[in-house]
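Colleague: Below is a structure I'd like to ask you about.
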There are 2 protein chains.
Amino acid sequence: MTDTAPFADPDGLTRGDLETGTVFAPRFDADGLIPAVATDADSGEVLMLAYMNAEAIRRTLATGEAHYYSRSRQALWHKGATSGQVQHVVEMRSDCDQDALWLKVRAGGDGGCCHVGYRSCFYRRVTPAGALAAPNVPYLATD
Amino acid sequence: MTDTAPFADPDGLTRGDLETGTVFAPRFDADGLIPAVATDADSGEVLMLAYMNAEAIRRTLATGEAHYYSRSRQALWHKGATSGQVQHVVEMRSDCDQDALWLKVRAGGDGGCCHVGYRSCFYRRVTPAGALAAPNVPYLATD
């Protein structure tokens with residue numbers, strides 16, 4: 001049993017309330033996580049996809065800075081706490097069935113997001129042949 | 001064991017190759033799925049977050065139309081096959097560690113995406129107090 005307080009249980013809502021109501025009842029998976037897409041609030045570019053637990057959502061709402069849950073480190077992750085790439089949340093949205101979140105953010109520090117050095121983690125295209133194409137997103141060092 | 005052919009095994013790549021190489025090796029989860037974010041290729045708006053299995057990726061690459069895997073129906077899902085809201089893929093990207101995909105799409109039919117009737121599934125804001133705010137995305141019937 002994961003700690004999902006203070007959020008409502010989505011299974012306690014009618015489908016109508018879940019989809020068109022005002023009660024925020026994020027549907028966490030078996031690991032207590034919900035996927036969150038972060039986009040650049042100005043360019044609209046998708047920056048990253050990460051996961052939040054209830055504590056990450058609570059801290060994000062309380063501070064206005066994006067918090068995630070690092071699955072590799074198994075710990076709360078205040079994005080940018082060490083890199084300076086703090087994500088200031090301009091708007092947060094839920095999807096229809098409340099099993100995904102969307103954060104529009106402005107990145108602090110050098111404006112980057114990805115540990116590899118790109119502005120967005122999505123710096124490679126998948127070609128129709130099923131290969132990855134050379135990076136096509138600004139690398140910060142040469143931006 | 002899920003069928004992930006013809007894609008490479010991400011655990012068979014070095015971290016360098018995984019992050020900056022040209023081999024597409026999507027990291028499927030224990031259920032054989034990888035999350036995929038679909039955005040409107042023109043407005044940049046996030047439309048939906050769904051999941052793809054290897055077959056969905058194969059068919060998406062082969063047809064140029066987004067295919068997903070429906071977790072609720074446990075079946076391949078050719079988005080728009082019945083609704084007409086076919087998603088024509090303008091570009092597909094992978095993220096740094098290849099455990100998430102981003103599809104830039106143009107929607108056919110009435111241009112919608114969400115079964116509730118909105119253009120995007122993300123039609124409600126999460127307020128700082130942790131509630132959902134009234135829809136702020138065009139409802140297609142009144143668009």
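To be explicit about the labels: the chains of the structure tokens are called A, B, and onward in the order shown, and within each one the residues are counted from 1, while ligands get numbers from 1 in the order they are shown.
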Which neighbours of range 49-63 of chain A fall inside 8 Å, counting only C-alpha atoms, when residues of the same chain fewer than 3 positions from it are skipped, and could you give them as JSON, numbers by chain?

Modeller: {"A": [3, 4, 5, 7, 28, 32, 33, 34, 35, 36, 37, 38, 66, 67, 68, 69, 70, 71, 76, 77, 89], "B": [100, 127, 128, 129, 130]}

Colleague: Using backbone DSSP assignments, extract all helix (DSSP H, G or I) residues from range 25-139 of chain B; output them as a list of chain:residue names.

Modeller: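 So the helix (DSSP H, G or I) residues in range 25-139 of chain B would be B:Ala54, B:Glu55, B:Ala56, B:Ile57, B:Arg58, B:Arg59, B:Thr60, B:Leu61, B:Ala62, B:Thr63.
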
Colleague: Could you please determine the separation between CA of Ser94 in chain A and CA of Cys114 in chain B in Å, to one decimal place?

Modeller: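 According to the coordinates, CA of Ser94 in chain A and CA of Cys114 in chain B are separated by 12.7 Å.
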
Colleague: Near range 9-20 of chain A, counting only C-alpha atoms, which residues have an atom at most 9 Å away, once you skip same-chain residues fewer than 5 positions from it, shown as a ChimeraX atom specification?

Modeller: /A:4,25-27,95-98 /B:116,124,134-135

Colleague: With distances taken over only C-alpha atoms, which residue among A:Asp42, A:Asp110, A:Asp29, A:Arg93 lies nearest chain B?

Modeller: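 Of all the options, A:Arg93 lies closest to chain B.
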
Colleague: My list of candidates is A:Val105, A:Ala133, A:Val46, A:Val126. Which is closest to Glu91 in chain B when distances are computed with only C-alpha atoms?

Modeller: A:Val126

Colleague: Would you compute the distance between CA of Thr39 in chain A and CA of Leu103 in chain A? Give it in Å to one decimal.

Modeller: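 Those two atoms sit 6.3 Å apart.
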
Colleague: Please report the interatomic distance between CA of Leu101 in chain B and CA of Gly84 in chain A in Å with one decimal.

Modeller: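 Straight-line distance from CA of Leu101 in chain B to CA of Gly84 in chain A works out to 25.5 Å.
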
Colleague: Could you name the residues that touch Gly80 in chain A at 12 Å or less, counting only C-alpha atoms, but leaving out those on the same chain fewer than 6 positions away, as a list of chain:residue names?

Modeller: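 The filter keeps A:Glu65, A:Ala66, A:His67, A:Tyr68, A:Val86, A:Gln87, A:His88, A:Arg106, A:Ala107, A:Gly108, A:Gly109, A:Asp110, A:Gly111, A:Gly112, A:Cys113, A:Cys114, A:His115.
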
Colleague: Check the DSSP output for the backbone and give back, as number ranges by chain, the residues of chain B in strand (DSSP E).

Modeller: B: 34-40, 46-52, 67-70, 75-78, 87-94, 101-107, 124-125

Colleague: With N, CA, C and O atoms kept, could you save the residues just selected as a compact mmCIF listing (two decimals), in the first residue's frame?

Modeller:
# COMPACT_ATOMS: atom_id res chain seq x y z
N ILE B 34 5.80 0.64 -23.58
CA ILE B 34 6.60 1.85 -23.41
C ILE B 34 5.64 3.03 -23.55
O ILE B 34 4.77 3.02 -24.43
N PRO B 35 5.77 4.05 -22.68
CA PRO B 35 4.85 5.18 -22.78
C PRO B 35 5.18 6.06 -23.99
O PRO B 35 6.35 6.22 -24.35
N ALA B 36 4.12 6.59 -24.60
CA ALA B 36 4.28 7.45 -25.77
C ALA B 36 3.41 8.70 -25.60
O ALA B 36 2.22 8.59 -25.32
N VAL B 37 4.03 9.85 -25.77
CA VAL B 37 3.34 11.13 -25.68
C VAL B 37 3.00 11.58 -27.08
O VAL B 37 3.89 11.62 -27.94
N ALA B 38 1.74 11.90 -27.33
CA ALA B 38 1.37 12.44 -28.64
C ALA B 38 1.08 13.93 -28.50
O ALA B 38 0.33 14.35 -27.61
N THR B 39 1.73 14.72 -29.36
CA THR B 39 1.46 16.16 -29.37
C THR B 39 0.95 16.56 -30.74
O THR B 39 1.22 15.89 -31.74
N ASP B 40 0.22 17.68 -30.77
CA ASP B 40 -0.24 18.22 -32.04
C ASP B 40 0.98 18.81 -32.75
O ASP B 40 1.66 19.68 -32.20
N VAL B 46 -0.03 18.97 -25.91
CA VAL B 46 -0.01 17.55 -25.59
C VAL B 46 -1.43 17.02 -25.72
O VAL B 46 -2.36 17.53 -25.10
N LEU B 47 -1.60 16.00 -26.54
CA LEU B 47 -2.93 15.46 -26.81
C LEU B 47 -3.27 14.30 -25.88
O LEU B 47 -4.38 14.21 -25.36
N MET B 48 -2.32 13.40 -25.68
CA MET B 48 -2.60 12.19 -24.90
C MET B 48 -1.29 11.52 -24.51
O MET B 48 -0.24 11.79 -25.08
N LEU B 49 -1.39 10.67 -23.51
CA LEU B 49 -0.29 9.77 -23.18
C LEU B 49 -0.85 8.36 -23.24
O LEU B 49 -1.87 8.06 -22.63
N ALA B 50 -0.20 7.53 -24.04
CA ALA B 50 -0.67 6.16 -24.19
C ALA B 50 0.54 5.23 -24.18
O ALA B 50 1.67 5.67 -23.92
N TYR B 51 0.30 3.96 -24.45
CA TYR B 51 1.38 2.98 -24.39
C TYR B 51 1.47 2.22 -25.70
O TYR B 51 0.46 1.97 -26.36
N MET B 52 2.67 1.85 -26.06
CA MET B 52 2.89 1.07 -27.27
C MET B 52 3.62 -0.21 -26.89
O MET B 52 4.47 -0.22 -26.01
N HIS B 67 -0.32 3.75 -33.79
CA HIS B 67 -0.92 2.57 -33.19
C HIS B 67 -0.45 2.51 -31.74
O HIS B 67 0.71 2.81 -31.44
N TYR B 68 -1.34 2.14 -30.86
CA TYR B 68 -1.00 2.00 -29.45
C TYR B 68 -1.43 0.61 -28.98
O TYR B 68 -2.00 -0.17 -29.75
N TYR B 69 -1.19 0.36 -27.70
CA TYR B 69 -1.72 -0.85 -27.09
C TYR B 69 -2.69 -0.41 -26.01
O TYR B 69 -2.32 0.35 -25.10
N SER B 70 -3.92 -0.84 -26.13
CA SER B 70 -4.93 -0.48 -25.14
C SER B 70 -4.80 -1.39 -23.93
O SER B 70 -5.04 -2.60 -24.03
N ALA B 75 -5.42 -4.99 -26.20
CA ALA B 75 -5.38 -5.26 -27.63
C ALA B 75 -4.68 -4.12 -28.35
O ALA B 75 -4.64 -2.99 -27.86
N LEU B 76 -4.13 -4.44 -29.51
CA LEU B 76 -3.56 -3.41 -30.36
C LEU B 76 -4.66 -2.41 -30.68
O LEU B 76 -5.82 -2.78 -30.87
N TRP B 77 -4.27 -1.13 -30.77
CA TRP B 77 -5.26 -0.07 -30.92
C TRP B 77 -4.80 0.87 -32.03
O TRP B 77 -3.84 1.60 -31.84
N HIS B 78 -5.49 0.77 -33.17
CA HIS B 78 -5.22 1.70 -34.27
C HIS B 78 -6.06 2.92 -34.00
O HIS B 78 -7.25 2.97 -34.32
N GLN B 87 -4.27 9.40 -36.27
CA GLN B 87 -3.14 10.30 -36.02
C GLN B 87 -2.03 10.04 -37.04
O GLN B 87 -1.36 9.01 -36.99
N HIS B 88 -1.86 11.00 -37.94
CA HIS B 88 -0.81 10.90 -38.94
C HIS B 88 0.50 11.39 -38.30
O HIS B 88 0.58 12.53 -37.84
N VAL B 89 1.48 10.52 -38.27
CA VAL B 89 2.72 10.80 -37.54
C VAL B 89 3.66 11.64 -38.40
O VAL B 89 4.10 11.19 -39.47
N VAL B 90 3.95 12.83 -37.92
CA VAL B 90 4.87 13.73 -38.62
C VAL B 90 6.31 13.41 -38.20
O VAL B 90 7.23 13.43 -39.01
N GLU B 91 6.48 13.10 -36.95
CA GLU B 91 7.82 12.75 -36.45
C GLU B 91 7.66 11.93 -35.19
O GLU B 91 6.75 12.14 -34.39
N MET B 92 8.58 10.98 -35.03
CA MET B 92 8.60 10.17 -33.81
C MET B 92 9.99 10.31 -33.21
O MET B 92 10.99 10.27 -33.94
N ARG B 93 10.05 10.47 -31.91
CA ARG B 93 11.36 10.61 -31.25
C ARG B 93 11.48 9.66 -30.08
O ARG B 93 10.47 9.24 -29.49
N SER B 94 12.71 9.35 -29.72
CA SER B 94 13.00 8.57 -28.53
C SER B 94 13.72 9.46 -27.53
O SER B 94 14.41 10.40 -27.91
N LEU B 101 8.64 7.57 -25.69
CA LEU B 101 8.55 8.00 -27.08
C LEU B 101 7.70 9.27 -27.17
O LEU B 101 6.84 9.51 -26.32
N TRP B 102 7.96 10.06 -28.21
CA TRP B 102 7.20 11.27 -28.46
C TRP B 102 6.77 11.24 -29.91
O TRP B 102 7.62 11.13 -30.80
N LEU B 103 5.46 11.34 -30.15
CA LEU B 103 4.93 11.38 -31.51
C LEU B 103 4.31 12.74 -31.77
O LEU B 103 3.43 13.18 -31.03
N LYS B 104 4.78 13.40 -32.83
CA LYS B 104 4.13 14.63 -33.29
C LYS B 104 3.14 14.21 -34.36
O LYS B 104 3.53 13.61 -35.36
N VAL B 105 1.87 14.53 -34.15
CA VAL B 105 0.84 14.00 -35.04
C VAL B 105 -0.11 15.09 -35.55
O VAL B 105 -0.20 16.18 -34.97
N ARG B 106 -0.77 14.75 -36.64
CA ARG B 106 -1.91 15.56 -37.11
C ARG B 106 -3.11 14.65 -37.10
O ARG B 106 -3.10 13.58 -37.71
N ALA B 107 -4.16 15.07 -36.39
CA ALA B 107 -5.33 14.22 -36.23
C ALA B 107 -6.29 14.38 -37.39
O ALA B 107 -6.57 15.50 -37.84
N ARG B 124 -8.10 19.62 -18.10
CA ARG B 124 -8.30 20.21 -16.78
C ARG B 124 -6.97 20.57 -16.13
O ARG B 124 -6.02 19.78 -16.16
N ARG B 125 -6.94 21.75 -15.52
CA ARG B 125 -5.79 22.21 -14.76
C ARG B 125 -5.83 21.64 -13.36
O ARG B 125 -6.91 21.46 -12.79
